[in-house]
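Student: You'll find upload.json just under this line, and it carries JSON, C-alpha atoms.
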```json
[["chain", "number", "residue", "atom", "x", "y", "z"],
["A", 1, "MET", "CA", 19.47, -40.65, 63.15],
["A", 2, "GLU", "CA", 19.32, -37.40, 64.95],
["A", 3, "ASN", "CA", 16.99, -34.73, 63.68],
["A", 4, "LEU", "CA", 17.93, -31.53, 65.43],
["A", 5, "THR", "CA", 16.27, -28.22, 64.71],
["A", 6, "ILE", "CA", 16.91, -24.77, 66.08],
["A", 7, "SER", "CA", 13.79, -25.00, 68.23],
["A", 8, "ASP", "CA", 15.11, -28.06, 70.05],
["A", 9, "ALA", "CA", 16.11, -27.61, 73.64],
["A", 10, "PRO", "CA", 19.86, -27.29, 74.14],
["A", 11, "PRO", "CA", 21.61, -30.40, 75.42],
["A", 12, "PRO", "CA", 21.74, -30.68, 79.21],
["A", 13, "PRO", "CA", 24.90, -29.13, 80.64],
["A", 14, "LEU", "CA", 27.60, -31.52, 81.75],
["A", 15, "GLN", "CA", 27.59, -32.08, 85.47],
["A", 16, "HIS", "CA", 31.09, -31.58, 86.71],
["A", 17, "HIS", "CA", 31.38, -33.78, 89.74],
["A", 18, "ALA", "CA", 28.20, -32.37, 91.15],
["A", 19, "GLY", "CA", 27.67, -35.45, 93.22],
["A", 20, "VAL", "CA", 29.15, -34.04, 96.44],
["A", 21, "GLY", "CA", 27.20, -35.70, 99.18],
["A", 22, "GLY", "CA", 25.57, -37.96, 96.59],
["A", 23, "GLN", "CA", 22.40, -36.19, 95.54],
["A", 24, "GLY", "CA", 20.93, -39.26, 93.93],
["A", 25, "GLY", "CA", 21.02, -40.07, 90.22],
["A", 26, "MET", "CA", 23.57, -42.23, 88.47],
["A", 27, "PRO", "CA", 27.16, -42.13, 89.68],
["A", 28, "PRO", "CA", 29.31, -40.22, 87.18],
["A", 29, "ILE", "CA", 31.54, -42.35, 84.99],
["A", 30, "LEU", "CA", 34.88, -40.66, 84.38],
["A", 31, "GLY", "CA", 33.35, -37.35, 85.36],
["A", 32, "ARG", "CA", 30.46, -37.52, 82.88],
["A", 33, "PRO", "CA", 26.84, -38.44, 83.33],
["A", 34, "PRO", "CA", 25.70, -41.50, 81.37],
["A", 35, "PRO", "CA", 24.60, -40.58, 77.84],
["A", 36, "PRO", "CA", 20.84, -40.18, 77.53],
["A", 37, "LEU", "CA", 19.07, -43.20, 76.11],
["A", 38, "GLN", "CA", 18.13, -42.49, 72.50],
["A", 39, "GLN", "CA", 15.40, -44.56, 71.03],
["A", 40, "LEU", "CA", 14.01, -44.33, 67.55],
["A", 41, "PRO", "CA", 10.31, -44.70, 67.00],
["A", 42, "ALA", "CA", 9.44, -48.05, 65.45],
["A", 43, "GLN", "CA", 8.78, -46.49, 62.04],
["A", 44, "MET", "CA", 10.20, -43.11, 61.18],
["A", 45, "PHE", "CA", 8.49, -41.69, 58.15],
["A", 46, "THR", "CA", 11.40, -39.80, 56.64],
["A", 47, "THR", "CA", 13.43, -40.27, 53.50],
["A", 48, "ALA", "CA", 16.45, -40.88, 55.68],
["A", 49, "ALA", "CA", 14.77, -43.74, 57.53],
["A", 50, "GLN", "CA", 13.68, -45.34, 54.27],
["A", 51, "LEU", "CA", 17.15, -45.21, 52.78],
["A", 52, "LEU", "CA", 18.88, -46.15, 55.99],
["A", 53, "ASP", "CA", 17.94, -49.83, 55.73],
["A", 54, "LEU", "CA", 19.09, -49.94, 52.11],
["A", 55, "THR", "CA", 22.57, -48.67, 52.99],
["A", 56, "ASP", "CA", 25.43, -51.10, 52.24],
["A", 57, "LYS", "CA", 23.01, -53.36, 50.34],
["A", 58, "LYS", "CA", 23.32, -54.38, 46.73],
["A", 59, "LEU", "CA", 20.75, -52.40, 44.80],
["A", 60, "MET", "CA", 19.35, -52.09, 41.33],
["A", 61, "VAL", "CA", 18.91, -48.41, 40.52],
["A", 62, "ALA", "CA", 16.71, -47.43, 37.59],
["A", 63, "LEU", "CA", 17.47, -43.98, 36.21],
["A", 64, "ARG", "CA", 15.28, -41.60, 34.28],
["A", 65, "ASP", "CA", 17.28, -42.07, 31.07],
["A", 66, "GLY", "CA", 16.57, -45.80, 31.14],
["A", 67, "ARG", "CA", 19.88, -46.94, 32.54],
["A", 68, "LYS", "CA", 19.94, -49.71, 35.10],
["A", 69, "LEU", "CA", 22.80, -49.66, 37.58],
["A", 70, "VAL", "CA", 23.64, -52.46, 39.98],
["A", 71, "GLY", "CA", 25.87, -51.45, 42.87],
["A", 72, "ILE", "CA", 26.28, -51.16, 46.60],
["A", 73, "LEU", "CA", 24.65, -48.13, 48.20],
["A", 74, "ARG", "CA", 27.24, -46.38, 50.35],
["A", 75, "SER", "CA", 25.79, -42.93, 50.94],
["A", 76, "TRP", "CA", 22.71, -40.80, 50.28],
["A", 77, "ASP", "CA", 20.82, -37.74, 51.42],
["A", 78, "GLN", "CA", 17.22, -36.53, 51.68],
["A", 79, "PHE", "CA", 16.98, -35.85, 47.93],
["A", 80, "ALA", "CA", 17.94, -39.44, 47.13],
["A", 81, "ASN", "CA", 21.32, -38.30, 45.80],
["A", 82, "LEU", "CA", 23.23, -41.58, 45.93],
["A", 83, "VAL", "CA", 26.76, -42.91, 46.04],
["A", 84, "LEU", "CA", 27.11, -46.40, 44.56],
["A", 85, "GLN", "CA", 30.20, -48.55, 44.85],
["A", 86, "SER", "CA", 31.37, -51.33, 42.48],
["A", 87, "THR", "CA", 28.68, -50.33, 40.06],
["A", 88, "LYS", "CA", 27.82, -52.30, 36.95],
["A", 89, "GLU", "CA", 25.58, -50.99, 34.26],
["A", 90, "ARG", "CA", 23.24, -53.71, 33.04],
["A", 91, "ILE", "CA", 21.88, -53.38, 29.53],
["A", 92, "PHE", "CA", 18.98, -55.39, 28.16],
["A", 93, "VAL", "CA", 17.60, -55.95, 24.71],
["A", 94, "ALA", "CA", 14.08, -57.19, 24.31],
["A", 95, "PRO", "CA", 13.39, -60.40, 22.37],
["A", 96, "GLU", "CA", 12.97, -60.10, 18.59],
["A", 97, "THR", "CA", 15.18, -57.02, 18.26],
["A", 98, "ALA", "CA", 17.33, -58.85, 15.72],
["A", 99, "PRO", "CA", 15.72, -61.23, 13.18],
["A", 100, "ASP", "CA", 17.22, -64.44, 14.63],
["A", 101, "GLN", "CA", 16.91, -63.57, 18.30],
["A", 102, "PRO", "CA", 13.88, -65.21, 19.92],
["A", 103, "ARG", "CA", 15.06, -64.54, 23.50],
["A", 104, "GLY", "CA", 16.10, -61.35, 25.24],
["A", 105, "LEU", "CA", 19.76, -60.62, 25.92],
["A", 106, "TYR", "CA", 21.61, -58.79, 28.65],
["A", 107, "ALA", "CA", 25.17, -57.81, 29.53],
["A", 108, "ASP", "CA", 27.04, -56.06, 32.35],
["A", 109, "ILE", "CA", 29.57, -53.27, 31.97],
["A", 110, "ASP", "CA", 31.86, -52.38, 34.88],
["A", 111, "ARG", "CA", 31.46, -48.72, 35.82],
["A", 112, "GLY", "CA", 33.01, -48.31, 39.26],
["A", 113, "LEU", "CA", 31.95, -45.52, 41.59],
["A", 114, "PHE", "CA", 28.84, -43.50, 40.85],
["A", 115, "LEU", "CA", 27.34, -40.38, 42.34],
["A", 116, "VAL", "CA", 23.76, -40.09, 41.10],
["A", 117, "ARG", "CA", 21.82, -36.87, 41.44],
["A", 118, "GLY", "CA", 18.48, -37.63, 43.10],
["A", 119, "GLU", "CA", 16.21, -36.16, 40.43],
["A", 120, "ASN", "CA", 17.44, -38.80, 37.99],
["A", 121, "VAL", "CA", 16.44, -41.73, 40.17],
["A", 122, "LEU", "CA", 13.27, -43.63, 39.29],
["A", 123, "LEU", "CA", 13.53, -46.36, 41.87],
["A", 124, "LEU", "CA", 15.90, -48.37, 43.99],
["A", 125, "GLY", "CA", 15.38, -52.09, 44.32],
["A", 126, "GLU", "CA", 17.05, -54.29, 46.86],
["A", 127, "ILE", "CA", 18.39, -57.36, 45.09],
["A", 128, "ASP", "CA", 17.44, -60.75, 46.46],
["A", 129, "LEU", "CA", 20.84, -62.38, 46.89],
["A", 130, "ASP", "CA", 19.34, -65.83, 46.26],
["A", 131, "LYS", "CA", 18.21, -64.77, 42.81],
["A", 132, "GLU", "CA", 20.91, -62.33, 41.80],
["A", 133, "ASP", "CA", 22.88, -64.84, 39.73],
["A", 134, "ASP", "CA", 19.85, -66.16, 37.85],
["A", 135, "ALA", "CA", 19.22, -64.67, 34.44],
["A", 136, "PRO", "CA", 15.86, -62.90, 34.22],
["A", 137, "PRO", "CA", 13.20, -65.22, 32.74],
["A", 138, "GLY", "CA", 13.35, -65.13, 28.94],
["A", 139, "TYR", "CA", 16.79, -63.50, 28.92],
["A", 140, "ASP", "CA", 20.33, -64.82, 28.34],
["A", 141, "LEU", "CA", 23.75, -63.37, 29.13],
["A", 142, "ALA", "CA", 25.54, -62.27, 25.95],
["A", 143, "GLU", "CA", 28.63, -60.42, 24.73],
["A", 144, "VAL", "CA", 28.76, -56.77, 25.74],
["A", 145, "GLU", "CA", 29.49, -55.53, 22.20],
["A", 146, "LEU", "CA", 26.58, -57.48, 20.72],
["A", 147, "VAL", "CA", 24.13, -56.26, 23.34],
["A", 148, "GLN", "CA", 25.35, -52.68, 22.98],
["A", 149, "THR", "CA", 24.85, -52.63, 19.21],
["A", 150, "LEU", "CA", 21.45, -54.26, 19.48],
["A", 151, "SER", "CA", 20.31, -51.92, 22.23],
["A", 152, "LYS", "CA", 21.40, -48.91, 20.20],
["A", 153, "LYS", "CA", 19.39, -50.20, 17.29],
["A", 154, "ARG", "CA", 16.40, -50.84, 19.51],
["A", 155, "LYS", "CA", 16.58, -47.36, 21.01],
["A", 156, "GLN", "CA", 16.53, -45.79, 17.56],
["A", 157, "GLN", "CA", 13.53, -47.89, 16.59],
["A", 158, "ASP", "CA", 11.67, -46.97, 19.76],
["A", 159, "LYS", "CA", 12.53, -43.30, 19.40],
["A", 160, "ALA", "CA", 11.20, -43.22, 15.86],
["A", 161, "LYS", "CA", 8.01, -44.99, 16.98],
["A", 162, "GLU", "CA", 7.50, -42.60, 19.88],
["A", 163, "LYS", "CA", 8.10, -39.59, 17.67],
["A", 164, "GLN", "CA", 5.45, -40.79, 15.26],
["A", 165, "LYS", "CA", 3.02, -41.39, 18.11],
["A", 166, "VAL", "CA", 3.56, -37.92, 19.57],
["A", 167, "LYS", "CA", 3.14, -36.42, 16.12],
["A", 168, "MET", "CA", -0.15, -38.22, 15.54],
["A", 169, "LEU", "CA", -1.43, -37.29, 18.99],
["A", 170, "SER", "CA", -0.49, -33.64, 18.66],
["A", 171, "LYS", "CA", -2.36, -33.53, 15.35],
["A", 172, "GLU", "CA", -5.45, -34.46, 17.35],
["A", 173, "GLY", "CA", -4.69, -31.83, 19.96],
["A", 174, "PHE", "CA", -3.20, -34.10, 22.65],
["A", 175, "GLU", "CA", -0.02, -33.38, 24.45],
["A", 176, "GLY", "CA", 1.65, -36.12, 26.47],
["A", 177, "GLU", "CA", 3.03, -35.58, 29.95],
["A", 178, "ASN", "CA", 6.59, -36.28, 28.84],
["A", 179, "VAL", "CA", 6.81, -34.93, 25.35],
["A", 180, "GLY", "CA", 10.41, -34.69, 24.26],
["A", 181, "GLU", "CA", 11.55, -36.95, 27.04],
["A", 182, "VAL", "CA", 10.77, -40.63, 27.03],
["A", 183, "LEU", "CA", 10.92, -42.28, 30.43],
["A", 184, "LEU", "CA", 12.20, -45.83, 30.09],
["B", 1, "MET", "CA", 0.47, -33.03, 54.73],
["B", 2, "LEU", "CA", -2.96, -34.59, 54.20],
["B", 3, "PHE", "CA", -1.83, -37.19, 51.68],
["B", 4, "PHE", "CA", 1.24, -38.01, 53.70],
["B", 5, "SER", "CA", -1.01, -38.78, 56.68],
["B", 6, "PHE", "CA", -3.45, -40.63, 54.46],
["B", 7, "PHE", "CA", -0.74, -42.89, 53.04],
["B", 8, "LYS", "CA", 0.45, -43.60, 56.55],
["B", 9, "THR", "CA", -2.96, -45.13, 57.28],
["B", 10, "LEU", "CA", -2.41, -47.54, 54.37],
["B", 11, "ILE", "CA", 0.83, -48.99, 55.75],
["B", 12, "ASP", "CA", 0.88, -52.81, 55.52],
["B", 13, "HIS", "CA", -1.82, -52.85, 52.85],
["B", 14, "GLU", "CA", -1.19, -54.12, 49.36],
["B", 15, "VAL", "CA", -1.10, -51.36, 46.76],
["B", 16, "THR", "CA", -0.16, -51.09, 43.11],
["B", 17, "VAL", "CA", 2.06, -48.19, 42.12],
["B", 18, "GLU", "CA", 2.05, -47.08, 38.51],
["B", 19, "LEU", "CA", 5.07, -45.06, 37.45],
["B", 20, "LYS", "CA", 5.37, -42.45, 34.74],
["B", 21, "ASN", "CA", 7.26, -44.99, 32.62],
["B", 22, "ASP", "CA", 4.14, -47.23, 32.71],
["B", 23, "ILE", "CA", 5.65, -49.94, 34.90],
["B", 24, "GLN", "CA", 3.19, -51.22, 37.50],
["B", 25, "ILE", "CA", 4.52, -52.60, 40.77],
["B", 26, "ARG", "CA", 2.33, -54.35, 43.31],
["B", 27, "GLY", "CA", 3.58, -54.77, 46.85],
["B", 28, "VAL", "CA", 2.94, -54.20, 50.52],
["B", 29, "LEU", "CA", 3.27, -50.53, 51.46],
["B", 30, "LYS", "CA", 5.97, -50.35, 54.09],
["B", 31, "SER", "CA", 6.78, -46.69, 54.38],
["B", 32, "VAL", "CA", 6.08, -43.26, 52.96],
["B", 33, "ASP", "CA", 7.68, -39.87, 53.59],
["B", 34, "GLN", "CA", 6.97, -36.18, 53.10],
["B", 35, "TYR", "CA", 7.84, -36.31, 49.38],
["B", 36, "LEU", "CA", 5.53, -39.32, 49.00],
["B", 37, "ASN", "CA", 8.51, -41.52, 48.28],
["B", 38, "ILE", "CA", 7.20, -45.03, 48.72],
["B", 39, "LYS", "CA", 8.71, -48.26, 49.97],
["B", 40, "LEU", "CA", 7.13, -51.52, 48.86],
["B", 41, "ASP", "CA", 7.89, -55.01, 50.14],
["B", 42, "ASN", "CA", 7.38, -58.38, 48.43],
["B", 43, "ILE", "CA", 6.94, -56.79, 45.06],
["B", 44, "GLN", "CA", 5.52, -58.27, 41.93],
["B", 45, "VAL", "CA", 5.82, -56.50, 38.60],
["B", 46, "LEU", "CA", 2.93, -56.60, 36.15],
["B", 47, "GLU", "CA", 4.06, -57.51, 32.62],
["B", 48, "GLU", "CA", 7.29, -58.84, 34.11],
["B", 49, "ILE", "CA", 8.71, -59.91, 30.75],
["B", 50, "LYS", "CA", 8.91, -56.25, 29.70],
["B", 51, "TYR", "CA", 10.95, -55.28, 32.76],
["B", 52, "PRO", "CA", 13.71, -57.89, 33.14],
["B", 53, "HIS", "CA", 15.74, -55.66, 35.47],
["B", 54, "MET", "CA", 13.15, -56.16, 38.22],
["B", 55, "SER", "CA", 13.34, -59.96, 38.32],
["B", 56, "ALA", "CA", 15.77, -60.28, 41.24],
["B", 57, "VAL", "CA", 14.31, -57.37, 43.21],
["B", 58, "LYS", "CA", 12.26, -58.08, 46.33],
["B", 59, "ASN", "CA", 11.60, -54.64, 47.74],
["B", 60, "VAL", "CA", 11.77, -51.17, 46.25],
["B", 61, "PHE", "CA", 12.10, -47.52, 47.16],
["B", 62, "ILE", "CA", 10.21, -45.45, 44.60],
["B", 63, "ARG", "CA", 10.94, -41.74, 44.28],
["B", 64, "GLY", "CA", 7.70, -39.83, 44.77],
["B", 65, "SER", "CA", 8.32, -37.63, 41.75],
["B", 66, "VAL", "CA", 8.01, -40.53, 39.29],
["B", 67, "VAL", "CA", 4.71, -41.94, 40.55],
["B", 68, "ARG", "CA", 1.69, -41.48, 38.31],
["B", 69, "TYR", "CA", -0.97, -43.43, 40.21],
["B", 70, "VAL", "CA", -1.29, -45.44, 43.38],
["B", 71, "HIS", "CA", -4.05, -48.04, 43.11],
["B", 72, "LEU", "CA", -5.56, -48.45, 46.57],
["B", 73, "PRO", "CA", -7.49, -51.30, 48.14],
["B", 74, "ALA", "CA", -11.01, -49.85, 48.36],
["B", 75, "ASN", "CA", -11.82, -51.54, 51.66],
["B", 76, "ALA", "CA", -8.83, -49.94, 53.36],
["B", 77, "VAL", "CA", -9.99, -46.40, 52.63],
["B", 78, "ASP", "CA", -12.32, -44.77, 55.11],
["B", 79, "VAL", "CA", -14.02, -42.37, 52.71],
["B", 80, "PRO", "CA", -16.06, -40.32, 55.25],
["B", 81, "LEU", "CA", -12.94, -39.85, 57.37],
["B", 82, "LEU", "CA", -10.95, -38.77, 54.34],
["B", 83, "GLU", "CA", -13.67, -36.31, 53.31],
["B", 84, "ASP", "CA", -13.69, -34.93, 56.82],
["B", 85, "ALA", "CA", -9.93, -34.56, 56.89],
["B", 86, "THR", "CA", -9.98, -32.88, 53.48],
["B", 87, "ARG", "CA", -12.51, -30.30, 54.68],
["B", 88, "ARG", "CA", -10.53, -29.66, 57.82],
["B", 89, "GLU", "CA", -7.34, -29.22, 55.79],
["B", 90, "ALA", "CA", -9.11, -26.88, 53.38],
["B", 91, "ALA", "CA", -10.50, -24.84, 56.29],
["B", 92, "ASN", "CA", -7.02, -24.66, 57.78],
["B", 93, "GLN", "CA", -5.54, -23.45, 54.52],
["B", 94, "ALA", "CA", -8.30, -20.85, 54.12],
["B", 95, "GLY", "CA", -7.64, -19.65, 57.68],
["B", 96, "LYS", "CA", -3.94, -19.30, 56.92],
["B", 97, "GLY", "CA", -4.64, -17.30, 53.77],
["B", 98, "LYS", "CA", -6.46, -14.54, 55.62]]
```
Would you write out, as structure tokens, the structure that this file holds?
Tutor:
Amino acid sequence: MENLTISDAPPPPLQHHAGVGGQGGMPPILGRPPPPLQQLPAQMFTTAAQLLDLTDKKLMVALRDGRKLVGILRSWDQFANLVLQSTKERIFVAPETAPDQPRGLYADIDRGLFLVRGENVLLLGEIDLDKEDDAPPGYDLAEVELVQTLSKKRKQQDKAKEKQKVKMLSKEGFEGENVGEVLL
Amino acid sequence: MLFFSFFKTLIDHEVTVELKNDIQIRGVLKSVDQYLNIKLDNIQVLEEIKYPHMSAVKNVFIRGSVVRYVHLPANAVDVPLLEDATRREAANQAGKGK
């Protein structure tokens, strides 16, 4: 990572075979001085440094609209805009959504390449490759169609519940921090 | 930049981050940046059954804009120092305003 600003000193000029008579220093290699040693501080407290070690890793990305994406992080910038490769969207339904469904269900949908605008990112989680194939505790893999229908149903239920809650609260003069937008 | 500096003093301490979607994540604070984005290591999610998507995740990057609270270990906070720094920052800001 190189963080250059306008106030930085200009790079040292190239020494064109200045070593006539050998005035000390390193001998030029192919007419150029050796590149300066660049060392990063042990911990750089920038967004870039934080995302740098997540690059090319398999990540779980939680978005503001409740979606969970699993993909490989290929690129990013300081706003946490992200490019994800081989992305799958993972949908979950909580237990007891349907009458005869004691355990939770989940399914994956192939989505391909994603560019996510940073403001929509809640968090990025690096996936432990030892655990990635295990189903989450209390959850089973199920058919995509089934999970999709159930999750739609669940969302409607939750929306109605939330609406009622906001209504009751506003009657008492309270206003939530995300009225009109439920963070999931 | 006061809180940025303050969080830097908490590196390697265990904190609990509560997000605006109510999820609470406990982990070792590994890094923080100017936006107060937070990196946690060895995470553990409270009420894990409600958040199945976190089960295979070992460390997280949390976007600063979605954090509601950070629960701090009380013994890791030097309160007099923080008060001092706050006053200095406030004095600085007042000086700039003139």
Student: In Å, with one decimal, what is the gap from CA of Asp22 in chain B to CA of Glu48 in chain B?
Tutor: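 One can read the CA of Asp22 in chain B to CA of Glu48 in chain B distance as 12.1 Å.
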Student: If you count all atoms listed in the file, which residues fall within 6 Å of range 60-66 of chain A, apart from same-chain ones fewer than 2 positions away, as a ChimeraX atom specification?
Tutor: /A:68-70,120-125,183-184
Student: Write out as a ChimeraX atom specification every residue belonging to chain A that has an atom at most 10 Å from any atom of chain B, counting all atoms listed in the file.
Tutor: /A:43-51,54,59-62,64,66,68-70,78-80,90-95,104-106,118-139,177-178,182-184
Student: Please dump the current selection as a tab-separated table (two decimals), in the frame of the given file; keep C-alpha atoms.
Tutor:
```
chain	number	residue	atom	x	y	z
A	43	GLN	CA	8.78	-46.49	62.04
A	44	MET	CA	10.20	-43.11	61.18
A	45	PHE	CA	8.49	-41.69	58.15
A	46	THR	CA	11.40	-39.80	56.64
A	47	THR	CA	13.43	-40.27	53.50
A	48	ALA	CA	16.45	-40.88	55.68
A	49	ALA	CA	14.77	-43.74	57.53
A	50	GLN	CA	13.68	-45.34	54.27
A	51	LEU	CA	17.15	-45.21	52.78
A	54	LEU	CA	19.09	-49.94	52.11
A	59	LEU	CA	20.75	-52.40	44.80
A	60	MET	CA	19.35	-52.09	41.33
A	61	VAL	CA	18.91	-48.41	40.52
A	62	ALA	CA	16.71	-47.43	37.59
A	64	ARG	CA	15.28	-41.60	34.28
A	66	GLY	CA	16.57	-45.80	31.14
A	68	LYS	CA	19.94	-49.71	35.10
A	69	LEU	CA	22.80	-49.66	37.58
A	70	VAL	CA	23.64	-52.46	39.98
A	78	GLN	CA	17.22	-36.53	51.68
A	79	PHE	CA	16.98	-35.85	47.93
A	80	ALA	CA	17.94	-39.44	47.13
A	90	ARG	CA	23.24	-53.71	33.04
A	91	ILE	CA	21.88	-53.38	29.53
A	92	PHE	CA	18.98	-55.39	28.16
A	93	VAL	CA	17.60	-55.95	24.71
A	94	ALA	CA	14.08	-57.19	24.31
A	95	PRO	CA	13.39	-60.40	22.37
A	104	GLY	CA	16.10	-61.35	25.24
A	105	LEU	CA	19.76	-60.62	25.92
A	106	TYR	CA	21.61	-58.79	28.65
A	118	GLY	CA	18.48	-37.63	43.10
A	119	GLU	CA	16.21	-36.16	40.43
A	120	ASN	CA	17.44	-38.80	37.99
A	121	VAL	CA	16.44	-41.73	40.17
A	122	LEU	CA	13.27	-43.63	39.29
A	123	LEU	CA	13.53	-46.36	41.87
A	124	LEU	CA	15.90	-48.37	43.99
A	125	GLY	CA	15.38	-52.09	44.32
A	126	GLU	CA	17.05	-54.29	46.86
A	127	ILE	CA	18.39	-57.36	45.09
A	128	ASP	CA	17.44	-60.75	46.46
A	129	LEU	CA	20.84	-62.38	46.89
A	130	ASP	CA	19.34	-65.83	46.26
A	131	LYS	CA	18.21	-64.77	42.81
A	132	GLU	CA	20.91	-62.33	41.80
A	133	ASP	CA	22.88	-64.84	39.73
A	134	ASP	CA	19.85	-66.16	37.85
A	135	ALA	CA	19.22	-64.67	34.44
A	136	PRO	CA	15.86	-62.90	34.22
A	137	PRO	CA	13.20	-65.22	32.74
A	138	GLY	CA	13.35	-65.13	28.94
A	139	TYR	CA	16.79	-63.50	28.92
A	177	GLU	CA	3.03	-35.58	29.95
A	178	ASN	CA	6.59	-36.28	28.84
A	182	VAL	CA	10.77	-40.63	27.03
A	183	LEU	CA	10.92	-42.28	30.43
A	184	LEU	CA	12.20	-45.83	30.09
```
Student: For CA of Glu14 in chain B and CA of Ala76 in chain B, quote the distance in Å rounded to one decimal.
Tutor: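 Answer for the CA of Glu14 in chain B to CA of Ala76 in chain B separation: 9.6 Å.
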Student: Take CA of Gly95 in chain B and CA of Phe7 in chain B and report the distance between them in Å, one decimal.
Tutor: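 According to the coordinates, CA of Gly95 in chain B and CA of Phe7 in chain B are separated by 24.7 Å.
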Student: Output: range 27-66 of chain B of the preceding structure, restricted to C-alpha atoms, written as a PDB file, in the first residue's frame.
Tutor:
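Just written: result24.pdb:
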```pdb
ATOM      1  CA  GLY B  27     -14.494 -10.585  19.888  1.00  0.00           C
ATOM      2  CA  VAL B  28     -10.965  -9.309  20.235  1.00  0.00           C
ATOM      3  CA  LEU B  29     -10.561  -5.837  18.740  1.00  0.00           C
ATOM      4  CA  LYS B  30      -7.910  -6.139  16.063  1.00  0.00           C
ATOM      5  CA  SER B  31      -8.137  -2.925  14.130  1.00  0.00           C
ATOM      6  CA  VAL B  32     -10.061   0.302  13.736  1.00  0.00           C
ATOM      7  CA  ASP B  33      -9.883   3.068  11.128  1.00  0.00           C
ATOM      8  CA  GLN B  34     -10.932   6.678  10.642  1.00  0.00           C
ATOM      9  CA  TYR B  35     -14.562   5.735   9.932  1.00  0.00           C
ATOM     10  CA  LEU B  36     -14.561   3.592  13.094  1.00  0.00           C
ATOM     11  CA  ASN B  37     -14.872   0.482  10.974  1.00  0.00           C
ATOM     12  CA  ILE B  38     -13.965  -2.335  13.328  1.00  0.00           C
ATOM     13  CA  LYS B  39     -12.221  -5.657  12.891  1.00  0.00           C
ATOM     14  CA  LEU B  40     -12.878  -8.373  15.448  1.00  0.00           C
ATOM     15  CA  ASP B  41     -11.089 -11.689  15.809  1.00  0.00           C
ATOM     16  CA  ASN B  42     -12.305 -14.947  17.395  1.00  0.00           C
ATOM     17  CA  ILE B  43     -15.874 -13.810  17.379  1.00  0.00           C
ATOM     18  CA  GLN B  44     -18.795 -15.198  19.260  1.00  0.00           C
ATOM     19  CA  VAL B  45     -22.340 -14.130  18.487  1.00  0.00           C
ATOM     20  CA  LEU B  46     -24.828 -13.668  21.304  1.00  0.00           C
ATOM     21  CA  GLU B  47     -28.159 -15.396  20.599  1.00  0.00           C
ATOM     22  CA  GLU B  48     -26.406 -17.439  17.927  1.00  0.00           C
ATOM     23  CA  ILE B  49     -29.533 -19.393  16.986  1.00  0.00           C
ATOM     24  CA  LYS B  50     -31.098 -16.178  15.658  1.00  0.00           C
ATOM     25  CA  TYR B  51     -28.159 -15.469  13.350  1.00  0.00           C
ATOM     26  CA  PRO B  52     -27.320 -18.733  11.557  1.00  0.00           C
ATOM     27  CA  HIS B  53     -25.285 -16.944   8.878  1.00  0.00           C
ATOM     28  CA  MET B  54     -22.565 -16.186  11.434  1.00  0.00           C
ATOM     29  CA  SER B  55     -21.912 -19.792  12.458  1.00  0.00           C
ATOM     30  CA  ALA B  56     -18.909 -20.433  10.189  1.00  0.00           C
ATOM     31  CA  VAL B  57     -17.429 -16.958  10.611  1.00  0.00           C
ATOM     32  CA  LYS B  58     -14.295 -16.517  12.715  1.00  0.00           C
ATOM     33  CA  ASN B  59     -13.419 -12.873  12.217  1.00  0.00           C
ATOM     34  CA  VAL B  60     -15.390  -9.896  10.987  1.00  0.00           C
ATOM     35  CA  PHE B  61     -15.013  -6.448   9.498  1.00  0.00           C
ATOM     36  CA  ILE B  62     -17.894  -4.283  10.688  1.00  0.00           C
ATOM     37  CA  ARG B  63     -18.738  -1.087   8.832  1.00  0.00           C
ATOM     38  CA  GLY B  64     -18.619   1.806  11.284  1.00  0.00           C
ATOM     39  CA  SER B  65     -21.907   3.230  10.062  1.00  0.00           C
ATOM     40  CA  VAL B  66     -23.922   0.242  11.322  1.00  0.00           C
TER      41      VAL B  66
END
```
